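*Asks:* My structure file model.txt, compact mmCIF, C-alpha atoms and all ligand atoms, is below:
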```txt
# COMPACT_ATOMS: atom_id res chain seq x y z
CA MET A 1267 -29.41 36.99 -42.48
CA GLN A 1268 -26.64 34.63 -41.39
CA SER A 1269 -29.15 31.79 -41.07
CA LYS A 1270 -30.61 32.66 -44.48
CA ALA A 1271 -27.12 32.36 -45.99
CA ALA A 1272 -26.69 29.01 -44.23
CA GLU A 1273 -30.04 27.92 -45.65
CA VAL A 1274 -28.98 28.94 -49.17
CA VAL A 1275 -25.78 26.90 -48.87
CA ALA A 1276 -27.68 23.91 -47.44
CA ARG A 1277 -30.31 24.10 -50.19
CA CYS A 1278 -27.61 24.15 -52.92
CA ARG A 1279 -26.08 21.05 -51.35
CA GLN A 1280 -29.54 19.42 -51.19
CA LEU A 1281 -30.10 20.22 -54.87
CA ALA A 1282 -26.70 18.67 -55.67
CA GLN A 1283 -28.05 15.34 -54.40
CA ILE A 1284 -30.49 15.33 -57.32
CA THR A 1285 -28.44 13.75 -60.07
CA ASP A 1286 -28.67 11.58 -63.16
CA VAL A 1287 -25.55 9.67 -62.06
CA PRO A 1288 -25.53 8.32 -58.49
CA GLY A 1289 -22.51 9.31 -56.42
CA GLU A 1290 -21.83 12.57 -58.27
CA THR A 1291 -23.70 15.70 -59.38
CA THR A 1292 -24.55 15.42 -63.06
CA ARG A 1293 -27.85 17.01 -64.05
CA LEU A 1294 -28.47 17.22 -67.76
CA PHE A 1295 -31.05 19.12 -69.78
CA LEU A 1296 -34.56 17.57 -69.68
CA SER A 1297 -33.42 14.54 -67.67
CA LYS A 1298 -35.21 12.75 -64.85
CA ALA A 1299 -32.98 14.60 -62.36
CA THR A 1300 -33.96 17.93 -63.92
CA ARG A 1301 -37.62 17.07 -63.44
CA ASP A 1302 -36.93 16.22 -59.77
CA ALA A 1303 -34.92 19.43 -59.33
CA HIS A 1304 -37.81 21.41 -60.82
CA LYS A 1305 -40.13 19.78 -58.30
CA LEU A 1306 -37.99 20.79 -55.32
CA LEU A 1307 -37.33 24.30 -56.65
CA SER A 1308 -41.05 24.76 -57.34
CA GLN A 1309 -41.81 23.97 -53.68
CA TRP A 1310 -39.28 26.55 -52.54
CA MET A 1311 -40.60 29.10 -55.05
CA ARG A 1312 -44.17 28.58 -53.82
CA THR A 1313 -42.99 29.15 -50.24
CA ALA A 1314 -41.82 32.55 -51.49
CA ASN A 1315 -45.33 33.13 -52.85
CA LEU A 1316 -44.35 32.80 -56.50
CA ASN A 1317 -46.55 31.54 -59.31
CA VAL A 1318 -44.56 28.73 -60.87
CA ARG A 1319 -44.52 27.41 -64.43
CA THR A 1320 -42.17 25.69 -66.85
CA ASP A 1321 -41.88 27.41 -70.22
CA ASP A 1322 -41.68 25.33 -73.40
CA ALA A 1323 -37.87 25.59 -73.59
CA GLY A 1324 -37.64 23.81 -70.21
CA ASN A 1325 -36.89 26.87 -68.07
CA LEU A 1326 -38.49 26.91 -64.60
CA ARG A 1327 -40.00 30.32 -63.87
CA GLY A 1328 -41.50 31.83 -60.73
CA SER A 1329 -43.15 35.24 -60.68
CA ARG A 1330 -44.93 37.69 -58.42
CA ASN A 1331 -46.90 40.76 -59.42
CA GLY A 1332 -46.04 44.29 -58.39
CA THR A 1333 -48.45 46.83 -56.99
CA ARG A 1334 -48.98 48.37 -60.45
CA PRO A 1335 -50.78 46.06 -62.88
CA THR A 1336 -48.93 47.46 -65.89
CA GLY A 1337 -45.71 48.18 -63.99
CA PRO A 1338 -42.21 47.10 -64.91
CA THR A 1339 -40.58 43.75 -64.22
CA LEU A 1340 -37.30 42.91 -62.51
CA LEU A 1341 -35.68 39.69 -63.65
CA LEU A 1342 -33.51 37.46 -61.44
CA PHE A 1343 -31.87 34.43 -63.05
CA SER A 1344 -29.19 31.77 -63.26
CA HIS A 1345 -29.12 28.13 -64.37
CA ILE A 1346 -29.69 24.71 -62.80
CA ASP A 1347 -28.16 22.28 -65.33
CA THR A 1348 -24.63 21.09 -64.53
CA VAL A 1349 -21.51 19.76 -66.17
CA PRO A 1350 -20.69 16.09 -65.45
CA LYS A 1351 -19.25 15.58 -61.94
CA ALA A 1352 -20.17 19.12 -61.01
CA GLY A 1353 -20.10 21.00 -57.73
CA PRO A 1354 -23.21 22.25 -55.92
CA PHE A 1355 -22.96 26.00 -56.63
CA ASP A 1356 -22.31 26.77 -60.31
CA GLY A 1357 -25.65 28.21 -61.46
CA CYS A 1358 -27.71 26.83 -58.55
CA LEU A 1359 -26.38 29.45 -56.14
CA GLY A 1360 -27.94 32.27 -58.19
CA VAL A 1361 -31.31 30.52 -58.38
CA VAL A 1362 -31.45 29.46 -54.72
CA LEU A 1363 -30.19 32.84 -53.49
CA SER A 1364 -32.86 34.61 -55.58
CA ILE A 1365 -35.54 32.40 -54.02
CA ALA A 1366 -34.21 33.42 -50.58
CA ILE A 1367 -34.43 37.10 -51.56
CA LEU A 1368 -38.02 36.63 -52.69
CA GLU A 1369 -38.86 34.84 -49.42
CA LEU A 1370 -37.44 37.80 -47.50
CA LEU A 1371 -39.55 40.16 -49.64
CA ARG A 1372 -42.60 37.89 -49.50
CA ASP A 1373 -44.93 40.28 -47.74
CA LYS A 1374 -43.45 43.52 -49.01
CA PRO A 1375 -45.41 45.30 -51.75
CA LEU A 1376 -43.10 46.33 -54.59
CA PRO A 1377 -43.76 48.74 -57.48
CA PHE A 1378 -42.49 46.15 -59.97
CA SER A 1379 -43.20 42.53 -60.75
CA ILE A 1380 -40.36 40.06 -60.26
CA GLU A 1381 -39.69 37.02 -62.40
CA LEU A 1382 -37.12 34.42 -61.38
CA ILE A 1383 -35.86 32.14 -64.16
CA ALA A 1384 -33.95 28.92 -63.49
CA PHE A 1385 -32.45 28.44 -66.95
CA SER A 1386 -32.00 25.06 -68.57
CA GLU A 1387 -28.96 23.88 -70.57
CA GLU A 1388 -26.60 26.79 -69.89
CA GLU A 1389 -23.63 24.43 -69.95
CA GLY A 1390 -24.67 22.85 -73.23
CA VAL A 1391 -23.57 19.38 -72.14
CA ARG A 1392 -26.39 17.32 -73.65
CA PHE A 1393 -26.72 18.98 -77.07
CA SER A 1394 -23.25 20.58 -77.28
CA TRP A 1395 -24.95 23.94 -77.51
CA PRO A 1396 -24.74 26.24 -74.48
CA PHE A 1397 -27.22 28.91 -73.37
CA TRP A 1398 -30.26 27.12 -74.83
CA GLY A 1399 -32.65 28.40 -72.15
CA SER A 1400 -31.52 32.02 -72.27
CA ARG A 1401 -31.42 32.00 -76.07
CA ALA A 1402 -35.06 30.86 -76.00
CA VAL A 1403 -36.24 33.78 -73.85
CA VAL A 1404 -34.62 36.37 -76.14
CA GLY A 1405 -36.01 34.73 -79.30
CA ASP A 1406 -32.67 33.44 -80.55
CA ILE A 1407 -33.83 29.91 -81.41
CA SER A 1408 -34.47 28.71 -84.95
CA ALA A 1409 -36.34 25.68 -86.28
CA SER A 1410 -33.01 24.04 -87.19
CA ASP A 1411 -31.80 24.46 -83.58
CA LEU A 1412 -34.66 22.21 -82.48
CA GLU A 1413 -33.21 19.47 -84.70
CA ARG A 1414 -29.84 19.42 -82.90
CA ARG A 1415 -29.16 15.90 -81.62
CA ASP A 1416 -27.65 14.52 -78.44
CA ARG A 1417 -25.20 11.59 -78.36
CA ASP A 1418 -28.09 9.11 -78.57
CA GLY A 1419 -29.49 10.80 -81.68
CA GLU A 1420 -32.49 12.36 -79.92
CA THR A 1421 -33.40 15.87 -81.12
CA ILE A 1422 -34.07 18.79 -78.79
CA ALA A 1423 -37.65 18.90 -80.12
CA SER A 1424 -38.26 15.28 -79.25
CA ALA A 1425 -36.60 15.63 -75.81
CA LEU A 1426 -38.84 18.63 -75.07
CA ARG A 1427 -41.94 16.64 -76.04
CA ASP A 1428 -40.82 13.71 -73.84
CA PHE A 1429 -40.58 16.21 -70.96
CA GLY A 1430 -44.21 17.22 -71.61
CA LEU A 1431 -43.38 20.48 -73.38
CA SER A 1432 -44.41 21.80 -76.77
CA PRO A 1433 -41.61 23.17 -78.98
CA SER A 1434 -44.08 24.98 -81.23
CA ARG A 1435 -45.18 27.06 -78.23
CA ILE A 1436 -41.66 28.40 -77.51
CA PRO A 1437 -42.37 31.76 -79.22
CA ARG A 1438 -45.45 32.15 -77.00
CA THR A 1439 -44.37 30.89 -73.57
CA CYS A 1440 -40.69 31.82 -73.50
CA PRO A 1441 -40.18 35.54 -74.28
CA LEU A 1442 -39.09 37.81 -71.46
CA PRO A 1443 -41.75 40.19 -70.22
CA GLN A 1444 -41.60 43.27 -72.47
CA SER A 1445 -41.71 45.32 -69.29
CA THR A 1446 -38.34 43.97 -68.04
CA PHE A 1447 -36.37 47.03 -66.91
CA ALA A 1448 -33.50 45.31 -65.11
CA ALA A 1449 -32.04 41.81 -64.92
CA LEU A 1450 -29.59 40.38 -62.40
CA GLU A 1451 -27.64 37.13 -62.32
CA VAL A 1452 -25.77 36.01 -59.21
CA HIS A 1453 -23.08 33.40 -59.93
CA ILE A 1454 -19.92 32.02 -58.37
CA GLU A 1455 -16.81 33.63 -59.83
CA GLN A 1456 -15.22 30.37 -61.04
CA GLY A 1457 -11.84 32.07 -60.90
CA PRO A 1458 -9.23 33.28 -58.38
CA VAL A 1459 -9.55 37.09 -58.63
CA LEU A 1460 -11.87 37.74 -55.65
CA GLU A 1461 -9.85 35.33 -53.52
CA HIS A 1462 -6.67 37.14 -54.53
CA GLU A 1463 -8.26 40.54 -53.74
CA ASP A 1464 -9.72 39.18 -50.47
CA GLN A 1465 -13.22 40.30 -51.50
CA PRO A 1466 -16.43 38.34 -50.81
CA ILE A 1467 -18.30 39.59 -53.88
CA GLY A 1468 -17.56 41.36 -57.15
CA VAL A 1469 -19.57 43.27 -59.73
CA VAL A 1470 -18.89 42.30 -63.33
CA ASP A 1471 -18.40 45.09 -65.87
CA ALA A 1472 -18.07 42.88 -68.94
CA ILE A 1473 -17.97 39.30 -70.12
CA ILE A 1474 -14.78 39.37 -72.08
CA GLY A 1475 -14.45 38.64 -75.77
CA GLN A 1476 -12.27 35.88 -77.13
CA THR A 1477 -10.52 34.96 -80.35
CA HIS A 1478 -9.38 31.45 -81.18
CA LEU A 1479 -6.77 30.80 -83.88
CA GLU A 1480 -4.85 27.82 -85.21
CA PHE A 1481 -1.22 28.02 -86.36
CA SER A 1482 0.98 25.72 -88.35
CA PHE A 1483 4.80 25.91 -88.31
CA GLU A 1484 6.27 24.00 -91.24
CA GLY A 1485 10.02 23.31 -91.30
CA LYS A 1486 11.79 20.14 -92.40
CA SER A 1487 12.08 16.76 -90.72
CA ASN A 1488 15.51 15.23 -90.85
CA HIS A 1489 17.88 12.93 -88.97
CA ALA A 1490 18.56 14.15 -85.42
CA GLY A 1491 22.09 12.77 -85.48
CA THR A 1492 23.40 13.77 -88.90
CA THR A 1493 21.94 17.27 -89.38
CA PRO A 1494 24.18 20.04 -87.96
CA MET A 1495 22.38 22.68 -85.86
CA LYS A 1496 22.96 25.51 -88.32
CA LEU A 1497 21.43 23.50 -91.20
CA ARG A 1498 18.16 22.70 -89.43
CA ARG A 1499 14.64 24.01 -90.03
CA ASP A 1500 13.21 22.91 -86.67
CA ALA A 1501 9.48 23.72 -86.57
CA LEU A 1502 9.18 22.95 -82.84
CA ALA A 1503 12.09 25.22 -81.87
CA ALA A 1504 10.42 28.07 -83.81
CA ALA A 1505 7.05 27.34 -82.20
CA ALA A 1506 8.61 27.12 -78.72
CA GLU A 1507 10.24 30.53 -79.14
CA TRP A 1508 6.87 31.94 -80.19
CA ILE A 1509 4.99 30.33 -77.25
CA THR A 1510 7.24 32.10 -74.75
CA GLU A 1511 6.67 35.33 -76.73
CA VAL A 1512 2.88 34.80 -76.33
CA GLU A 1513 3.35 34.51 -72.58
CA ARG A 1514 5.63 37.57 -72.45
CA TYR A 1515 3.29 39.70 -74.58
CA ALA A 1516 0.14 38.83 -72.56
CA SER A 1517 1.97 39.37 -69.25
CA SER A 1518 3.00 42.87 -70.32
CA HIS A 1519 -0.51 44.00 -71.38
CA LYS A 1520 -3.00 44.70 -68.61
CA SER A 1521 -5.95 42.27 -68.37
CA LEU A 1522 -4.90 40.43 -71.53
CA VAL A 1523 -4.75 36.64 -71.31
CA ALA A 1524 -3.36 34.45 -74.09
CA THR A 1525 -2.95 30.69 -74.05
CA VAL A 1526 -1.40 28.12 -76.35
CA GLY A 1527 -3.48 25.20 -75.12
CA SER A 1528 -3.06 22.55 -77.78
CA ILE A 1529 0.03 21.42 -79.67
CA GLN A 1530 0.71 18.64 -82.16
CA VAL A 1531 4.24 17.77 -83.26
CA LEU A 1532 5.04 15.73 -86.38
CA PRO A 1533 6.51 13.22 -86.67
CA ASN A 1534 6.90 13.31 -82.84
CA ALA A 1535 9.85 10.94 -82.68
CA THR A 1536 12.92 10.98 -80.42
CA ASN A 1537 15.48 10.91 -83.23
CA VAL A 1538 13.74 13.13 -85.83
CA ILE A 1539 13.88 16.93 -86.10
CA PRO A 1540 10.26 18.16 -85.84
CA GLY A 1541 9.00 19.03 -89.32
CA VAL A 1542 5.51 20.33 -88.58
CA VAL A 1543 3.87 21.82 -85.48
CA ARG A 1544 0.20 22.70 -85.23
CA LEU A 1545 -1.07 24.71 -82.27
CA THR A 1546 -3.92 26.84 -81.07
CA LEU A 1547 -4.05 30.31 -79.54
CA ASP A 1548 -6.82 31.60 -77.26
CA ILE A 1549 -6.75 35.38 -76.68
CA ARG A 1550 -9.14 37.22 -74.35
CA HIS A 1551 -9.62 40.88 -73.45
CA LYS A 1552 -12.73 42.94 -72.74
CA ASP A 1553 -11.69 45.64 -75.21
CA SER A 1554 -12.04 44.33 -78.77
CA ARG A 1555 -9.41 46.74 -80.15
CA THR A 1556 -6.85 45.52 -77.61
CA ARG A 1557 -7.73 41.93 -78.46
CA HIS A 1558 -7.43 42.55 -82.20
CA ARG A 1559 -4.12 44.38 -81.71
CA ALA A 1560 -2.81 41.47 -79.64
CA THR A 1561 -3.95 38.99 -82.27
CA ASN A 1562 -2.11 40.86 -85.05
CA SER A 1563 1.03 41.31 -82.95
CA LEU A 1564 1.17 37.62 -82.06
CA ILE A 1565 0.66 36.60 -85.70
CA GLN A 1566 3.58 38.89 -86.67
CA ALA A 1567 5.66 37.42 -83.82
CA ALA A 1568 4.96 33.90 -85.13
CA LEU A 1569 6.06 34.90 -88.64
CA ALA A 1570 9.27 36.42 -87.23
CA CYS A 1571 10.04 33.30 -85.15
CA GLY A 1572 9.50 31.18 -88.28
CA MET A 1573 11.64 33.41 -90.50
CA ARG A 1574 14.70 33.05 -88.23
CA ARG A 1575 14.68 29.28 -88.90
CA ALA A 1576 13.29 29.21 -92.45
CA VAL A 1577 10.05 27.80 -91.06
CA LEU A 1578 6.82 28.63 -92.90
CA VAL A 1579 4.09 29.94 -90.55
CA GLN A 1580 0.40 30.07 -91.41
CA SER A 1581 -2.54 31.07 -89.21
CA ALA A 1582 -6.32 30.98 -89.42
CA THR A 1583 -9.04 32.34 -87.14
CA LEU A 1584 -11.25 29.53 -85.83
CA ASP A 1585 -13.87 31.69 -84.12
CA GLU A 1586 -14.35 35.01 -82.43
CA HIS A 1587 -16.78 36.26 -79.79
CA PRO A 1588 -17.04 39.97 -78.98
CA SER A 1589 -17.11 41.26 -75.42
CA VAL A 1590 -20.52 41.84 -73.86
CA LEU A 1591 -20.76 44.84 -71.57
CA MET A 1592 -23.06 44.73 -68.56
CA ASP A 1593 -25.49 47.65 -68.22
CA PRO A 1594 -23.61 50.54 -66.55
CA THR A 1595 -26.67 51.95 -64.73
CA ILE A 1596 -27.83 48.68 -63.16
CA THR A 1597 -24.23 47.73 -62.42
CA GLN A 1598 -23.70 51.07 -60.66
CA LYS A 1599 -26.82 50.48 -58.54
CA LEU A 1600 -25.44 47.09 -57.53
CA LEU A 1601 -22.13 48.70 -56.57
CA GLU A 1602 -23.96 51.39 -54.55
CA ALA A 1603 -25.94 48.70 -52.72
CA SER A 1604 -22.73 46.94 -51.69
CA SER A 1605 -21.13 50.28 -50.68
CA LEU A 1606 -24.11 51.14 -48.46
CA LEU A 1607 -23.45 47.92 -46.57
CA GLY A 1608 -19.92 49.10 -45.87
CA ALA A 1609 -18.16 46.64 -48.14
CA PRO A 1610 -18.00 47.97 -51.69
CA ALA A 1611 -17.78 45.12 -54.15
CA CYS A 1612 -14.75 45.10 -56.39
CA ILE A 1613 -15.20 45.39 -60.15
CA LEU A 1614 -13.95 42.62 -62.38
CA SER A 1615 -14.52 41.12 -65.80
CA SER A 1616 -15.70 37.58 -66.45
CA GLY A 1617 -13.46 35.30 -68.47
CA ALA A 1618 -16.23 32.69 -68.68
CA GLY A 1619 -19.53 32.92 -70.54
CA HIS A 1620 -22.83 33.24 -68.66
CA ASP A 1621 -26.56 33.53 -69.45
CA ALA A 1622 -26.10 37.22 -68.59
CA MET A 1623 -24.24 37.76 -71.88
CA ILE A 1624 -27.19 36.38 -73.85
CA LEU A 1625 -29.66 38.66 -72.05
CA ALA A 1626 -27.50 41.81 -71.94
CA PRO A 1627 -28.10 42.90 -75.57
CA HIS A 1628 -31.86 42.73 -74.91
CA VAL A 1629 -32.46 43.98 -71.34
CA PRO A 1630 -30.30 46.06 -68.94
CA THR A 1631 -28.34 43.29 -67.21
CA ALA A 1632 -25.94 43.07 -64.27
CA LEU A 1633 -23.86 40.17 -62.96
CA LEU A 1634 -22.74 39.70 -59.35
CA PHE A 1635 -19.96 37.25 -58.52
CA VAL A 1636 -19.51 35.42 -55.22
CA ARG A 1637 -15.94 34.41 -54.32
CA SER A 1638 -14.91 30.88 -55.37
CA PRO A 1639 -12.52 29.47 -52.73
CA ASP A 1640 -9.32 28.35 -54.53
CA GLY A 1641 -10.93 29.61 -57.75
CA LEU A 1642 -12.37 26.12 -58.13
CA SER A 1643 -15.46 25.23 -60.20
CA HIS A 1644 -16.79 22.46 -62.47
CA HIS A 1645 -15.47 20.13 -59.77
CA PRO A 1646 -17.16 18.24 -56.88
CA ASP A 1647 -15.07 20.25 -54.37
CA GLU A 1648 -16.41 23.58 -55.71
CA THR A 1649 -17.67 25.55 -52.72
CA VAL A 1650 -18.66 28.95 -51.30
CA ARG A 1651 -18.16 30.57 -47.88
CA GLU A 1652 -21.27 31.37 -45.88
CA PRO A 1653 -20.22 34.98 -45.06
CA ASP A 1654 -19.69 35.61 -48.79
CA VAL A 1655 -23.18 34.31 -49.54
CA GLU A 1656 -24.47 36.58 -46.79
CA ALA A 1657 -22.72 39.57 -48.42
CA ALA A 1658 -24.38 38.68 -51.74
CA LEU A 1659 -27.79 38.28 -50.07
CA ARG A 1660 -27.53 41.64 -48.32
CA THR A 1661 -26.34 43.37 -51.48
CA VAL A 1662 -29.11 41.97 -53.68
CA LEU A 1663 -31.76 42.68 -51.06
CA THR A 1664 -30.56 46.27 -50.70
CA PHE A 1665 -30.37 46.59 -54.49
CA VAL A 1666 -34.01 45.46 -54.89
CA GLU A 1667 -35.27 47.65 -52.02
CA ARG A 1668 -33.47 50.72 -53.39
CA LEU A 1669 -34.88 50.07 -56.87
CA ALA A 1670 -38.35 49.96 -55.30
CA HIS A 1671 -37.72 53.18 -53.41
CA GLU A 1672 -36.39 54.96 -56.51
CA LEU A 1673 -39.36 53.83 -58.58
CA ASN A 1674 -41.84 54.85 -55.88
CA THR A 1675 -40.28 58.28 -55.56
CA GLY A 1676 -39.88 58.81 -59.31
CA GLN A 1677 -36.08 58.91 -59.12
CA ILE A 1678 -35.97 56.36 -61.90
CA LEU A 1679 -38.50 56.19 -64.66
CA VAL A 1680 -39.19 53.11 -66.69
CA ALA A 1681 -41.56 52.71 -69.62
CA GLN A 1682 -45.03 51.62 -68.53
CA THR A 1683 -45.57 48.76 -70.92
CA SER A 1684 -47.95 45.86 -70.66
CA ARG A 1685 -46.56 42.41 -69.99
CA SER A 1686 -45.97 40.22 -73.00
CA GLN A 1687 -46.65 36.95 -71.23
CA PRO A 1688 -49.86 35.25 -72.30
ZN ZN B 1701 -22.65 28.56 -64.51
```
Could you take the file, read its structure, and then write that structure out as structure tokens?
Ligand SMILES: [Zn+2]

*Replies:*
Amino acid sequence: MQSKAAEVVARCRQLAQITDVPGETTRLFLSKATRDAHKLLSQWMRTANLNVRTDDAGNLRGSRNGTRPTGPTLLLFSHIDTVPKAGPFDGCLGVVLSIAILELLRDKPLPFSIELIAFSEEEGVRFSWPFWGSRAVVGDISASDLERRDRDGETIASALRDFGLSPSRIPRTCPLPQSTFAALEVHIEQGPVLEHEDQPIGVVDAIIGQTHLEFSFEGKSNHAGTTPMKLRRDALAAAAEWITEVERYASSHKSLVATVGSIQVLPNATNVIPGVVRLTLDIRHKDSRTRHRATNSLIQAALACGMRRAVLVQSATLDEHPSVLMDPTITQKLLEASSLLGAPACILSSGAGHDAMILAPHVPTALLFVRSPDGLSHHPDETVREPDVEAALRTVLTFVERLAHELNTGQILVAQTSRSQP
């Protein structure tokens, strides 16, 4: 298995050479580099005995049939588009590792079909709209979405046609097989938790929800030399007191993170008392009630900080995304697989969004993280350690083999539905 892990790492680095911008890894949705990446991935998929096709949303899909013609389907997935100046492993690791699993299982009859999807446009770089490929397979694409434009004014519909695809066929060629009974994404963690815990892999229980707000603190600008301290209405001093309260509050509530990431001070001059401050607040927690409670508490704290200095505070919610729980049964099976190998994966939540959160409301979905050295991602130096990749390979292989065993012995029952693919 060690050599398989080395091969996975080498293949990810090979894929990273396929780029739209020489000298870095930048692979955008429906670009020339994406076509070349599809070509290479298709070769690897065929080596694993998969039937390969591109659906009309631009997702590359490889599949193999199970022993039962109307049996269930296991889905493996991640994405192959990148951010600009990306590293080699974000997204690609999950796709390349899944191909390796299917190579290892090449000659083994399984009681379920397996489909591997290499999603397109998860990052949303080209059309400023993430999760395009996974939205397409769950039917969450509208006609107006096809009219979204990139920076050059080209619509998604036109870009799909240029790639040789047919947008009108999306409802026919994209949907997940109706028989999908379990779905698994493998992805790098993109954070420091596994490194901190000294764990090679982690099982994700939830992709955490987030609330974004904007605040304005309105005091009074005046001369910095002539206005005594007790007669000031300093908006920045009030905001600064509140920012430290945000940090204190989040630090004292387990798993809560809160960030003031953007601040604008007016008039922003050396010799003028700040009259207006505008800032943003990003709050994340997997439990929506905890997140809502934190939001209300921090709004009240802002009002109190303002009141002490006669500064008017107003807030507005910019957007809110609920938490998405991973399927507890499939997640438990993944944990059991890692435990059987003598190294139980730790459980953590994901602070970043993934295709898994788009699929989870539709099919039982699990997400496995591989440690990110230094917590680094979206950066050319993003990397993985070979033994960690090996741990992920062994865990996923054991997970798939145990699923097969449990289906064969009737320990798990899944609905016998016919496949929806044409
Ligand atoms: Zn990713």

*Asks:* May I ask you to write as a VMD selection string all residues lying at most 12 Å from ligand ZN 1701 (chain B), with only C-alpha atoms and all ligand atoms counted?

*Replies:* chain A and resid 1343 to 1349 1352 to 1361 1384 to 1391 1396 to 1397 1451 to 1457 1616 1618 to 1623 1633 1635 to 1636 1643 to 1644 1648

*Asks:* How many Å lie between atom CA of Thr1649 of chain A and atom CA of Leu1368 of chain A, rounded to one decimal?

*Replies:* 23.2 Å

*Asks:* Between atom CA of Ala1423 of chain A and atom CA of Asp1286 of chain A, what is the distance, to one decimal in Å?

*Replies:*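 Those two atoms sit 20.5 Å apart.
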
*Asks:* Give me the residues within 10 Å of segment 1432-1446 of chain A as a VMD selection string, counting all atoms listed in the file and dropping any in the same chain fewer than 3 places off.

*Replies:* chain A and resid 1319 to 1325 1327 1336 to 1341 1378 to 1381 1383 1399 to 1407 1409 1412 1422 to 1429 1449 1625 1628 to 1630 1680 to 1688

*Asks:* Rounded to one decimal, what separation in Å do you get between atom CA of Leu1634 of chain A and atom CA of Val1470 of chain A?

*Replies:*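 Pair atom CA of Leu1634 of chain A / atom CA of Val1470 of chain A returns 6.1 Å.
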
*Asks:* Using all atoms listed in the file and a cutoff of 12 Å, can you tell me which residues are near (13.7, 28.8, -96.0) in the file's coordinates, and write them out as a list in words?

*Replies:*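 Collected hits near the coordinates: Glu1484, Gly1485, Lys1486, Leu1497, Arg1498, Arg1499, Asp1500, Ala1501, Gly1572, Met1573, Arg1574, Arg1575, Ala1576, Val1577, Leu1578 and Val1579 of chain A.
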
*Asks:* So which residues touch Ala1535 of chain A within 12 Å, counting all atoms listed in the file, skipping near sequence neighbours fewer than 5 positions away, as a list of chain:residue names?

*Replies:*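 The contact residues come out as A:Ser1487, A:Asn1488, A:His1489, A:Ala1490, A:Gln1530, A:Pro1540, A:Gly1541, A:Val1542.
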
*Asks:* Quick one: everything within 8 Å of Glu1369 of chain A, counting only C-alpha atoms, minus sequence neighbours fewer than 3 positions away in the same chain. Send it as a PyMOL selection string.

*Replies:* chain A and resi 1313-1315+1365-1366+1372
